[in-house]
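Data block for input.cif (mmCIF, C-alpha atoms):
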```
data_run
#
loop_
_atom_site.label_atom_id
_atom_site.label_comp_id
_atom_site.auth_asym_id
_atom_site.auth_seq_id
_atom_site.Cartn_x
_atom_site.Cartn_y
_atom_site.Cartn_z
CA MET A 88 -52.43 -19.99 -105.05
CA ASN A 89 -49.31 -22.11 -104.44
CA ALA A 90 -47.54 -21.16 -101.22
CA PRO A 91 -49.78 -21.25 -98.11
CA MET A 92 -51.39 -18.01 -96.95
CA PHE A 93 -51.35 -17.24 -93.21
CA THR A 94 -53.64 -14.97 -91.19
CA THR A 95 -52.72 -14.19 -87.57
CA LEU A 96 -55.20 -13.01 -84.95
CA GLY A 97 -54.29 -12.01 -81.39
CA CYS A 98 -51.03 -11.69 -79.53
CA ARG A 99 -47.37 -11.26 -80.37
CA LEU A 100 -46.71 -14.89 -79.44
CA ASN A 101 -49.25 -16.01 -82.04
CA ALA A 102 -47.45 -13.89 -84.62
CA TYR A 103 -44.15 -15.50 -83.61
CA GLU A 104 -45.65 -18.95 -83.99
CA THR A 105 -47.07 -18.07 -87.40
CA GLU A 106 -43.51 -17.39 -88.57
CA ALA A 107 -42.50 -20.83 -87.28
CA MET A 108 -45.48 -22.44 -89.06
CA LYS A 109 -44.44 -20.76 -92.31
CA GLU A 110 -41.05 -22.46 -92.04
CA LEU A 111 -42.56 -25.84 -91.07
CA SER A 112 -45.16 -25.80 -93.87
CA ALA A 113 -42.53 -24.77 -96.43
CA GLU A 114 -40.25 -27.62 -95.34
CA ALA A 115 -43.19 -30.01 -95.68
CA GLY A 116 -44.12 -28.70 -99.14
CA LEU A 117 -47.69 -27.73 -98.24
CA GLN A 118 -49.43 -25.84 -101.04
CA ASN A 119 -52.78 -24.24 -101.85
CA ALA A 120 -53.81 -23.76 -98.23
CA VAL A 121 -55.06 -20.92 -96.03
CA ILE A 122 -54.07 -21.13 -92.33
CA VAL A 123 -55.85 -19.05 -89.69
CA ASN A 124 -54.01 -18.74 -86.35
CA THR A 125 -56.81 -17.80 -83.94
CA CYS A 126 -57.07 -16.02 -80.59
CA ALA A 127 -59.39 -16.96 -77.71
CA VAL A 128 -58.77 -14.16 -75.22
CA THR A 129 -62.38 -12.91 -75.44
CA ALA A 130 -65.67 -14.12 -76.92
CA GLU A 131 -65.30 -11.26 -79.39
CA ALA A 132 -61.94 -12.71 -80.53
CA VAL A 133 -63.61 -16.02 -81.35
CA ARG A 134 -66.41 -14.22 -83.21
CA LYS A 135 -63.82 -12.34 -85.27
CA ALA A 136 -62.05 -15.61 -86.04
CA ARG A 137 -65.26 -17.11 -87.44
CA GLN A 138 -65.87 -13.92 -89.45
CA GLU A 139 -62.32 -14.02 -90.86
CA ILE A 140 -62.65 -17.70 -91.79
CA ARG A 141 -65.84 -17.05 -93.77
CA LYS A 142 -64.21 -14.10 -95.55
CA LEU A 143 -61.09 -16.11 -96.45
CA ARG A 144 -63.22 -18.97 -97.77
CA ARG A 145 -65.09 -16.58 -100.08
CA GLU A 146 -61.81 -15.12 -101.32
CA ASN A 147 -60.10 -18.53 -101.71
CA PRO A 148 -62.83 -21.01 -102.71
CA ASP A 149 -60.41 -23.68 -103.98
CA ALA A 150 -57.86 -23.54 -101.15
CA ARG A 151 -57.77 -25.92 -98.18
CA LEU A 152 -58.59 -23.99 -95.02
CA ILE A 153 -56.84 -24.94 -91.77
CA VAL A 154 -57.73 -23.41 -88.38
CA THR A 155 -55.28 -23.44 -85.47
CA GLY A 156 -54.35 -21.33 -82.42
CA CYS A 157 -55.96 -20.80 -79.02
CA ALA A 158 -59.60 -20.76 -80.16
CA ALA A 159 -59.04 -23.99 -82.11
CA GLN A 160 -57.51 -25.49 -78.96
CA THR A 161 -60.23 -24.40 -76.52
CA GLU A 162 -63.28 -25.02 -78.70
CA PRO A 163 -62.37 -27.24 -81.68
CA GLU A 164 -66.01 -28.23 -82.13
CA THR A 165 -66.91 -24.61 -83.04
CA PHE A 166 -64.61 -24.68 -86.06
CA THR A 167 -65.15 -28.33 -86.98
CA ALA A 168 -68.85 -27.48 -87.41
CA MET A 169 -68.07 -24.71 -89.94
CA ASP A 170 -68.55 -25.79 -93.57
CA GLU A 171 -65.69 -23.49 -94.57
CA VAL A 172 -63.10 -25.39 -92.49
CA ASP A 173 -61.18 -28.45 -93.72
CA ALA A 174 -58.98 -29.13 -90.68
CA VAL A 175 -58.55 -28.01 -87.04
CA ILE A 176 -55.06 -28.15 -85.51
CA GLY A 177 -54.22 -27.65 -81.82
CA ASN A 178 -51.55 -25.35 -80.36
CA THR A 179 -49.11 -28.20 -79.74
CA GLU A 180 -49.67 -29.84 -83.12
CA LYS A 181 -49.16 -26.59 -85.05
CA MET A 182 -45.52 -26.43 -83.92
CA GLN A 183 -44.69 -30.00 -85.01
CA GLY A 184 -43.16 -30.74 -88.40
CA SER A 185 -44.97 -34.07 -88.60
CA THR A 186 -48.35 -32.27 -88.58
CA TRP A 187 -47.44 -30.22 -91.63
CA GLN A 188 -45.88 -33.20 -93.41
CA GLY A 189 -49.14 -35.11 -92.93
CA LEU A 190 -51.19 -32.19 -94.22
CA ALA A 191 -48.94 -31.81 -97.26
CA ALA A 192 -48.93 -35.54 -98.05
CA ASP A 193 -52.66 -36.15 -98.07
CA PHE A 194 -54.89 -33.42 -96.77
CA ILE A 195 -58.16 -35.30 -96.45
CA GLY A 196 -57.36 -38.97 -96.81
CA GLU A 197 -54.57 -40.04 -94.49
CA THR A 198 -54.61 -37.05 -92.14
CA GLU A 199 -57.18 -36.60 -89.39
CA ALA A 200 -59.29 -33.51 -89.96
CA VAL A 201 -59.18 -32.67 -86.24
CA GLN A 202 -55.85 -32.86 -84.41
CA VAL A 203 -56.23 -31.31 -80.96
CA ASP A 204 -54.68 -33.14 -78.01
CA ASP A 205 -54.84 -32.37 -74.29
CA ILE A 206 -52.72 -29.21 -73.96
CA MET A 207 -52.33 -29.83 -70.20
CA SER A 208 -50.24 -32.93 -70.94
CA VAL A 209 -47.53 -30.88 -72.71
CA THR A 210 -44.40 -30.52 -70.57
CA GLU A 211 -41.93 -28.83 -72.94
CA THR A 212 -41.92 -25.72 -75.07
CA ALA A 213 -41.81 -26.24 -78.81
CA GLY A 214 -38.23 -26.66 -79.92
CA HIS A 215 -38.81 -24.79 -83.16
CA LEU A 216 -36.96 -21.50 -82.67
CA ILE A 217 -36.94 -18.88 -85.41
CA ASP A 218 -34.30 -16.23 -85.94
CA GLY A 219 -35.50 -12.76 -86.71
CA PHE A 220 -39.25 -12.51 -86.34
CA GLY A 221 -40.25 -8.85 -86.18
CA THR A 222 -38.87 -5.96 -88.16
CA ARG A 223 -35.30 -5.90 -89.46
CA SER A 224 -34.48 -3.82 -86.38
CA ARG A 225 -36.16 -5.75 -83.55
CA ALA A 226 -36.42 -9.52 -82.98
CA TYR A 227 -38.79 -11.36 -80.66
CA VAL A 228 -37.62 -14.44 -78.78
CA GLN A 229 -40.13 -16.80 -77.17
CA VAL A 230 -38.71 -17.94 -73.83
CA GLN A 231 -41.88 -19.28 -72.17
CA ASN A 232 -45.33 -20.65 -73.01
CA GLY A 233 -48.45 -21.52 -71.03
CA CYS A 234 -49.68 -20.38 -67.60
CA ASP A 235 -50.08 -22.11 -64.22
CA HIS A 236 -52.48 -19.49 -62.84
CA ARG A 237 -56.25 -19.62 -63.09
CA CYS A 238 -57.60 -16.08 -63.18
CA THR A 239 -61.38 -16.33 -63.16
CA PHE A 240 -61.86 -14.37 -66.41
CA CYS A 241 -59.17 -16.10 -68.47
CA ILE A 242 -59.44 -19.01 -70.91
CA ILE A 243 -55.79 -18.79 -72.06
CA PRO A 244 -54.34 -21.58 -69.82
CA PHE A 245 -56.73 -23.97 -71.57
CA GLY A 246 -55.42 -22.80 -74.93
CA ARG A 247 -51.75 -22.71 -73.99
CA GLY A 248 -51.38 -25.35 -71.27
CA ASN A 249 -49.25 -25.15 -68.15
CA SER A 250 -46.16 -22.95 -67.93
CA ARG A 251 -42.99 -24.27 -69.51
CA SER A 252 -39.68 -22.53 -70.12
CA VAL A 253 -36.97 -22.52 -72.77
CA PRO A 254 -33.61 -23.23 -71.03
CA ALA A 255 -31.37 -20.19 -70.58
CA GLY A 256 -28.54 -21.64 -72.66
CA VAL A 257 -30.85 -22.11 -75.65
CA VAL A 258 -32.12 -18.52 -75.30
CA VAL A 259 -28.61 -17.08 -75.06
CA GLU A 260 -27.43 -18.96 -78.16
CA GLN A 261 -30.41 -17.75 -80.17
CA ILE A 262 -29.82 -14.14 -79.12
CA LYS A 263 -26.14 -14.44 -80.07
CA ARG A 264 -27.23 -15.54 -83.56
CA LEU A 265 -29.67 -12.63 -83.81
CA VAL A 266 -26.99 -10.11 -82.80
CA GLY A 267 -24.66 -11.71 -85.37
CA LYS A 268 -27.34 -11.04 -88.01
CA GLY A 269 -27.36 -7.35 -87.09
CA TYR A 270 -30.35 -7.01 -84.76
CA ASN A 271 -29.96 -4.14 -82.30
CA GLU A 272 -32.89 -5.02 -80.04
CA VAL A 273 -34.31 -8.29 -78.73
CA VAL A 274 -37.67 -8.63 -76.96
CA LEU A 275 -38.29 -11.56 -74.61
CA THR A 276 -41.84 -12.82 -74.97
CA GLY A 277 -44.14 -15.45 -73.45
CA VAL A 278 -47.64 -16.04 -72.09
CA ASP A 279 -46.67 -15.57 -68.41
CA LEU A 280 -43.13 -14.26 -68.74
CA THR A 281 -42.36 -13.81 -65.04
CA SER A 282 -43.04 -17.50 -64.40
CA TRP A 283 -40.01 -18.37 -66.58
CA GLY A 284 -37.72 -20.90 -64.94
CA ALA A 285 -40.11 -22.47 -62.41
CA ASP A 286 -40.07 -25.76 -64.33
CA LEU A 287 -36.29 -25.79 -64.94
CA PRO A 288 -33.58 -27.34 -62.72
CA ALA A 289 -32.71 -25.02 -59.77
CA GLU A 290 -35.84 -22.96 -60.60
CA PRO A 291 -34.12 -19.79 -61.90
CA LYS A 292 -36.09 -16.55 -62.18
CA LEU A 293 -36.66 -14.16 -65.08
CA GLY A 294 -34.12 -11.74 -63.57
CA ASP A 295 -31.47 -14.50 -63.72
CA LEU A 296 -32.19 -14.95 -67.43
CA VAL A 297 -32.01 -11.20 -68.09
CA MET A 298 -28.70 -10.85 -66.25
CA ARG A 299 -27.27 -13.89 -68.03
CA ILE A 300 -28.24 -12.55 -71.47
CA LEU A 301 -26.71 -9.14 -70.78
CA LYS A 302 -23.51 -10.72 -69.45
CA LEU A 303 -23.06 -13.39 -72.13
CA VAL A 304 -24.17 -11.29 -75.11
CA PRO A 305 -22.20 -8.07 -74.53
CA ASP A 306 -22.73 -6.93 -78.14
CA LEU A 307 -26.53 -6.77 -77.73
CA PRO A 308 -27.35 -3.03 -77.60
CA ARG A 309 -30.93 -3.28 -76.29
CA LEU A 310 -32.94 -5.92 -74.41
CA ARG A 311 -36.66 -5.46 -73.82
CA ILE A 312 -39.12 -7.58 -71.86
CA SER A 313 -42.79 -7.79 -72.78
CA SER A 314 -45.80 -8.11 -70.48
CA ILE A 315 -44.99 -9.12 -66.89
CA ASP A 316 -46.85 -9.86 -63.67
CA SER A 317 -45.35 -7.38 -61.21
CA ILE A 318 -46.03 -9.56 -58.13
CA GLU A 319 -43.66 -12.19 -59.57
CA VAL A 320 -40.73 -9.84 -60.22
CA ASP A 321 -37.57 -11.11 -58.51
CA GLU A 322 -34.59 -9.33 -56.94
CA ASN A 323 -32.32 -9.86 -59.94
CA LEU A 324 -34.83 -8.27 -62.29
CA MET A 325 -35.04 -5.24 -60.00
CA GLN A 326 -31.23 -5.19 -59.94
CA ALA A 327 -31.17 -5.23 -63.75
CA ILE A 328 -33.68 -2.36 -63.86
CA ALA A 329 -31.45 -0.37 -61.52
CA THR A 330 -28.03 -1.10 -63.06
CA GLU A 331 -28.38 -2.22 -66.69
CA PRO A 332 -28.86 0.63 -69.20
CA ARG A 333 -29.19 -1.96 -72.00
CA LEU A 334 -32.45 -3.18 -70.40
CA MET A 335 -35.03 -0.79 -71.82
CA PRO A 336 -37.02 1.40 -69.36
CA HIS A 337 -40.46 0.23 -70.44
CA LEU A 338 -42.57 -2.43 -68.70
CA HIS A 339 -46.04 -3.60 -69.65
CA LEU A 340 -47.85 -4.72 -66.51
CA SER A 341 -50.67 -7.24 -66.19
CA LEU A 342 -52.66 -5.27 -63.59
CA GLN A 343 -56.29 -5.88 -64.75
CA ALA A 344 -57.92 -3.81 -61.96
CA GLY A 345 -57.20 -1.37 -59.14
CA ASP A 346 -59.77 -2.49 -56.58
CA ASP A 347 -58.86 -5.14 -54.00
CA MET A 348 -62.24 -6.91 -54.01
CA ILE A 349 -62.29 -7.14 -57.81
CA LEU A 350 -58.69 -8.37 -57.82
CA LYS A 351 -59.69 -11.12 -55.37
CA ARG A 352 -62.70 -12.07 -57.47
CA MET A 353 -60.42 -12.17 -60.51
CA LYS A 354 -58.16 -14.49 -58.48
CA ARG A 355 -55.19 -12.23 -59.11
CA ARG A 356 -52.23 -12.65 -56.77
CA HIS A 357 -51.61 -8.96 -56.07
CA LEU A 358 -53.55 -6.19 -54.38
CA ARG A 359 -53.75 -2.49 -55.23
CA TYR A 360 -50.94 -1.63 -52.81
CA ASP A 361 -48.61 -4.20 -54.41
CA ALA A 362 -49.01 -2.65 -57.86
CA ILE A 363 -48.41 0.89 -56.62
CA ALA A 364 -45.40 -0.16 -54.51
CA PHE A 365 -43.81 -1.95 -57.47
CA CYS A 366 -44.29 1.00 -59.82
CA GLU A 367 -42.87 3.46 -57.29
CA GLU A 368 -39.83 1.27 -56.58
CA ALA A 369 -39.02 0.56 -60.24
CA LYS A 370 -39.28 4.28 -61.04
CA ARG A 371 -37.06 5.11 -58.07
CA LEU A 372 -34.45 2.71 -59.42
CA ARG A 373 -34.91 3.91 -63.01
CA PRO A 374 -36.38 7.43 -63.18
CA ASP A 375 -37.00 7.23 -66.94
CA MET A 376 -39.14 4.07 -66.57
CA THR A 377 -42.53 4.14 -68.30
CA TYR A 378 -45.38 1.70 -67.85
CA GLY A 379 -48.03 0.15 -70.01
CA ALA A 380 -50.84 -1.88 -68.44
CA ASP A 381 -53.80 -4.13 -69.16
CA ILE A 382 -56.99 -3.04 -67.37
CA ILE A 383 -60.45 -4.65 -67.60
CA ALA A 384 -63.49 -2.37 -67.45
CA GLY A 385 -66.74 -3.71 -66.03
CA PHE A 386 -65.66 -7.00 -64.49
CA PRO A 387 -68.70 -8.77 -62.93
CA THR A 388 -69.87 -7.19 -59.63
CA GLU A 389 -67.79 -4.01 -60.27
CA THR A 390 -69.53 -1.04 -58.64
CA ASP A 391 -68.90 2.63 -59.48
CA ALA A 392 -66.63 2.93 -56.43
CA MET A 393 -64.65 -0.15 -57.43
CA PHE A 394 -64.25 1.22 -60.95
CA GLU A 395 -63.01 4.55 -59.54
CA ASN A 396 -60.20 2.62 -57.83
CA SER A 397 -59.14 1.23 -61.22
CA LEU A 398 -59.38 4.66 -62.79
CA LYS A 399 -57.25 6.20 -59.99
CA LEU A 400 -54.64 3.48 -60.54
CA VAL A 401 -53.69 5.21 -63.81
CA GLU A 402 -52.37 8.15 -61.77
CA ASP A 403 -51.22 6.18 -58.72
CA CYS A 404 -49.02 3.90 -60.84
CA ASP A 405 -48.16 6.63 -63.37
CA LEU A 406 -49.33 4.44 -66.26
CA THR A 407 -48.78 5.73 -69.79
CA TRP A 408 -49.73 3.11 -72.37
CA LEU A 409 -53.10 1.51 -71.51
CA HIS A 410 -54.64 -1.58 -73.08
CA VAL A 411 -58.29 -1.30 -72.01
CA PHE A 412 -60.49 -4.39 -72.28
CA PRO A 413 -64.27 -4.04 -71.86
CA TYR A 414 -65.17 -7.21 -69.97
CA SER A 415 -66.85 -9.94 -72.02
CA PRO A 416 -67.68 -13.37 -70.57
CA ARG A 417 -65.82 -16.48 -71.75
CA ASN A 418 -67.79 -19.70 -71.48
CA GLY A 419 -66.06 -22.13 -69.17
CA THR A 420 -64.57 -19.46 -66.88
CA PRO A 421 -65.80 -18.81 -63.29
CA ALA A 422 -66.30 -15.08 -64.01
CA ALA A 423 -68.90 -15.91 -66.67
CA ARG A 424 -71.16 -17.19 -63.85
CA MET A 425 -70.80 -14.02 -61.73
CA PRO A 426 -73.41 -11.18 -61.76
CA ALA A 427 -72.76 -9.14 -64.89
CA VAL A 428 -72.42 -5.36 -65.22
CA ASN A 429 -74.74 -3.63 -67.71
CA GLY A 430 -73.16 -3.44 -71.17
CA LYS A 431 -73.69 0.33 -71.52
CA ILE A 432 -71.96 0.89 -68.16
CA ILE A 433 -69.03 -1.30 -69.27
CA LYS A 434 -68.69 0.74 -72.48
CA ALA A 435 -68.76 4.04 -70.56
CA ARG A 436 -66.14 2.84 -68.07
CA ALA A 437 -63.87 1.65 -70.88
CA ALA A 438 -64.19 5.08 -72.51
CA LYS A 439 -63.20 6.79 -69.23
CA LEU A 440 -60.13 4.58 -68.89
CA ARG A 441 -59.10 5.24 -72.50
CA ALA A 442 -59.51 8.99 -71.96
CA ALA A 443 -57.29 8.79 -68.88
CA GLY A 444 -54.72 6.87 -70.93
CA GLU A 445 -54.80 9.46 -73.73
CA SER A 446 -54.19 12.20 -71.18
CA LYS A 447 -51.16 10.32 -69.81
CA VAL A 448 -49.76 9.79 -73.31
CA SER A 449 -50.07 13.55 -74.00
CA ALA A 450 -48.23 14.36 -70.77
CA HIS A 451 -45.50 11.82 -71.58
CA LEU A 452 -44.99 13.26 -75.07
CA ALA A 453 -44.85 16.84 -73.75
CA ALA A 454 -42.20 15.84 -71.18
CA GLN A 455 -39.89 14.59 -73.96
CA MET A 456 -39.51 17.97 -75.69
CA GLY A 457 -35.84 18.87 -76.05
CA LYS A 458 -34.61 15.59 -74.56
CA ILE A 459 -31.98 13.48 -76.29
CA HIS A 460 -33.23 10.00 -77.19
CA HIS A 461 -31.63 6.93 -78.73
CA VAL A 462 -34.17 5.88 -81.34
CA LEU A 463 -34.20 2.42 -82.92
CA MET A 464 -35.34 2.89 -86.53
CA GLU A 465 -38.13 0.55 -87.64
CA ASN A 466 -38.25 2.04 -91.12
CA ALA A 467 -36.70 5.01 -92.91
CA ARG A 468 -38.92 7.60 -91.22
CA MET A 469 -40.09 6.03 -87.92
CA GLY A 470 -38.39 4.59 -84.88
CA ARG A 471 -38.97 4.08 -81.16
CA THR A 472 -37.34 5.54 -78.07
CA GLU A 473 -36.10 3.50 -75.14
CA GLN A 474 -39.62 3.87 -73.64
CA PHE A 475 -41.18 2.50 -76.87
CA THR A 476 -42.57 5.89 -77.92
CA GLU A 477 -42.85 6.36 -81.70
CA VAL A 478 -40.66 9.06 -83.24
CA SER A 479 -41.26 10.41 -86.74
CA PHE A 480 -38.33 11.84 -88.77
CA ASP A 481 -38.51 14.27 -91.69
CA MET A 482 -35.37 12.77 -93.29
CA ASP A 483 -34.57 9.15 -94.10
CA GLN A 484 -32.56 7.20 -91.54
CA ALA A 485 -30.96 3.76 -91.81
CA GLU A 486 -33.47 1.05 -90.86
CA GLY A 487 -32.33 -1.02 -87.89
CA GLN A 488 -29.84 1.57 -86.65
CA ILE A 489 -29.98 3.42 -83.33
CA VAL A 490 -30.09 7.16 -83.99
CA THR A 491 -29.22 9.67 -81.24
CA THR A 492 -31.40 12.74 -81.67
CA PRO A 493 -33.06 15.60 -79.78
CA ILE A 494 -36.87 15.59 -79.76
CA THR A 495 -38.23 18.65 -81.56
CA GLY A 496 -42.02 18.30 -81.34
CA GLN A 497 -45.01 16.00 -81.42
CA ARG A 498 -47.65 15.00 -83.94
CA GLY A 499 -50.64 13.02 -82.67
CA THR A 500 -49.26 10.20 -80.56
CA GLN A 501 -45.78 10.45 -82.11
CA LEU A 502 -42.76 12.53 -81.21
CA THR A 503 -40.91 14.28 -84.03
CA ALA A 504 -37.16 14.58 -84.56
#
```

Will you turn the file into structure tokens for me?
Amino acid sequence: MNAPMFTTLGCRLNAYETEAMKELSAEAGLQNAVIVNTCAVTAEAVRKARQEIRKLRRENPDARLIVTGCAAQTEPETFTAMDEVDAVIGNTEKMQGSTWQGLAADFIGETEAVQVDDIMSVTETAGHLIDGFGTRSRAYVQVQNGCDHRCTFCIIPFGRGNSRSVPAGVVVEQIKRLVGKGYNEVVLTGVDLTSWGADLPAEPKLGDLVMRILKLVPDLPRLRISSIDSIEVDENLMQAIATEPRLMPHLHLSLQAGDDMILKRMKRRHLRYDAIAFCEEAKRLRPDMTYGADIIAGFPTETDAMFENSLKLVEDCDLTWLHVFPYSPRNGTPAARMPAVNGKIIKARAAKLRAAGESKVSAHLAAQMGKIHHVLMENARMGRTEQFTEVSFDMDQAEGQIVTTPITGQRGTQLTA
């Protein structure tokens, strides 16, 4: 092995940062190393990270193995104690060129084996922006990192630090470069996207950023925003939903539950009514809007009646794409000390939620028959509609192009054209 090998676990932001680390390590001249970018969202994610590390060590016995990411940040001692691991790097350090230069210069001697500082002391986003992460058709742009909220089930603020934003001017310039390189769709991404701007002068909102991008980058065909907290959505974002066809009609919502008592125990800032009211209003403004959502099954103290409220939320909010998480405790979070739900009950509730989601996907696909869609091609035979639904083609199309086509059928969870 010469060039470093990277393994990414977890979210889209981690994948973005892996691309940045590839550039930083190449500039530093690092060789013969395996880097694992970990996730800490659940205890299961940390277990999988340890499993992956052991596997990579067996496959690469002579390489130097570096662990970074959220799990490395929140519990460095777990990975330091593993015989397979040579170095542990925090989330701030992994985005700094000096870290990689030190690792390349002298892996064991002059460089500390554990470099994990207090993430809460970080006040700026990493300045290392990359152009073009994603497919050749769609690019992801990190505009925010960290989170100021303290949901009782979540360890992520301790892995990512407090919320900090990339200034709008920097974002606009990066998107201009991406459009100049031929990208037809840009996705704005972050840990708590709707908190963007709170730490910037004049405290702009996410809707201000969206409107500014669409105004100042008129050649951008499609703008998409990733997971948002609906209670934080501002007037300008609602205005963009209503009036800007270049803003894609697909929102992924951080809902987590549909029962008011569970939402309070989660320390969420919205109630059931707030979620339903937002979904109804956004769909009124944009009738073709579709929703994805994160929902946790079996949060501590959740009764059958409370779970039914979450299950009914799928219909009440007209959710289509569900990410269902069976609750698992994270050490160090308040929820881990609350009375737990039986594991078999959690599994059964998660299965019910997934079944409800599958039913909504089937209904969504059936409703697209005969409709004309503008499909962004991710490869020669597959692209995605404005609502992020996969479309399969029986003839090659140009990758990265937007193809206007009627929908002719469906196959599994894909439409056909």

Range 282-401 of chain A near range 233-239 of chain A within 12 Å: what's each residue's closest atom pair and its distance in Å to one decimal, counting all atoms listed in the file, ordered by chain then ascending residue number, as a tab-separated table?
```
residue	atom	partner	partner_atom	distance
A:Ser282	CA	A:Cys234	CA	7.9
A:Trp283	CA	A:Cys234	CA	9.9
A:Ala285	CA	A:Asp235	CA	10.1
A:Asp286	CA	A:Asp235	CA	10.7
A:Asp316	CA	A:His236	CA	11.2
A:Glu319	CA	A:His236	CA	11.9
A:Ser341	CA	A:Cys238	CA	11.6
A:Leu342	CA	A:Cys238	CA	11.9
A:Gln343	CA	A:Cys238	CA	10.4
A:Ile349	CA	A:Thr239	CA	10.7
A:Leu350	CA	A:Cys238	CA	9.5
A:Lys351	CA	A:Cys238	CA	9.5
A:Arg352	CA	A:Thr239	CA	7.2
A:Met353	CA	A:Thr239	CA	5.0
A:Lys354	CA	A:Cys238	CA	5.0
A:Arg355	CA	A:Cys238	CA	6.1
A:Arg356	CA	A:Cys238	CA	9.0
A:His357	CA	A:Cys238	CA	11.7
A:Phe386	CA	A:Thr239	CA	10.4
A:Pro387	CA	A:Thr239	CA	10.5
```

Residues matched by the PyMOL selection byres ((chain A and resi 123) around 8), written as number ranges by chain:
A: 93-96, 121-122, 124-125, 136, 140, 152-156

With distances taken over only C-alpha atoms, which of A:Cys404, A:Met376, A:Cys241, A:Met169 is nearest to Ala127 in chain A?
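The shortest atom-to-atom distance to Ala127 in chain A comes from A:Cys241.
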
Within 12 Å of range 434-439 of chain A, counting all atoms listed in the file, which residues qualify if same-chain residues fewer than 6 places away don't, as a list of chain:residue names?
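My list of contacting residues is A:Asp381, A:Ile382, A:Ile383, A:Ala384, A:Gly385, A:Phe386, A:Glu389, A:Thr390, A:Asp391, A:Ala392, A:Met393, A:Phe394, A:Glu395, A:Asn396, A:Ser397, A:Leu398, A:Lys399, A:Val401, A:Leu409, A:His410, A:Val411, A:Phe412, A:Pro413, A:Tyr414, A:Ser415, A:Val428, A:Glu445, A:Ser446.
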
Which of these, A:Ile432, A:Ala327, A:Leu117, A:Val448, has the shortest distance to Tyr378 in chain A once you count all atoms listed in the file?
A:Val448

Apply the PyMOL selection byres ((chain A and resi 422) around 7) to the displayed file and report the matching residues as a count of residues only.
9

Hits of the PyMOL selection byres ((chain A and resi 476) around 9) in this structure, as a list in words
Leu452, Gly470, Arg471, Thr472, Glu473, Gln474, Phe475, Glu477, Val478, Thr500, Gln501 and Leu502 of chain A

If you count all atoms listed in the file, which residues fall within 12 Å of range 99-104 of chain A, apart from same-chain ones fewer than 3 positions away, as an MDAnalysis selection string?
chainID A and resid 93:96 107:111 123:128 155:158 178:183 212:222 226:233 246:247 274:280 313:314

Using all atoms listed in the file, the best pick from A:Glu260, A:Asp170, A:Asp347, A:Glu402 as closest to Cys366 in chain A would be A:Glu402

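In this structure, CA of Ile300 in chain A sits 17.7 Å away from CA of His337 in chain A.
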
I'd like the box whose edges run along x, y and z of the file and which contains every listed atom of range 409-424 of chain A, padded by 3 Å per side; could you state its centre and edge lengths in Å, one decimal, as JSON?
```
{"center_x": -62.1, "center_y": -10.3, "center_z": -68.2, "size_x": 24.1, "size_y": 29.6, "size_z": 15.8}
```

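Here CA of Ala120 in chain A stands at a distance of 10.6 Å from CA of Arg144 in chain A.
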
Have a look at A:Glu322, A:Ile315, A:Thr129, A:Gly256 and name the one nearest to Thr281 in chain A; count all atoms listed in the file.
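Among A:Glu322, A:Ile315, A:Thr129, A:Gly256, it is A:Ile315 that comes nearest to Thr281 in chain A.
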
Go ahead and compute the interatomic distance for CA of Ala159 in chain A and CA of Arg137 in chain A, in Å to one decimal.
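Going from CA of Ala159 in chain A over to CA of Arg137 in chain A covers 10.7 Å.
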
Tell me, as a list in words, which residues lie within 7 Å of His460 in chain A, counting only C-alpha atoms; anything in the same chain fewer than 5 positions away does not count.
Thr472, Thr491, Thr492 and Pro493 of chain A

Would you save the residues of that selection, restricted to C-alpha atoms, as an mmCIF file, in the coordinates of the input?
```cif
data_model
loop_
_atom_site.group_PDB
_atom_site.id
_atom_site.type_symbol
_atom_site.label_atom_id
_atom_site.label_comp_id
_atom_site.auth_asym_id
_atom_site.auth_seq_id
_atom_site.Cartn_x
_atom_site.Cartn_y
_atom_site.Cartn_z
ATOM 1 C CA THR A 472 -37.340 5.540 -78.070
ATOM 2 C CA THR A 491 -29.220 9.670 -81.240
ATOM 3 C CA THR A 492 -31.400 12.740 -81.670
ATOM 4 C CA PRO A 493 -33.060 15.600 -79.780
#
```
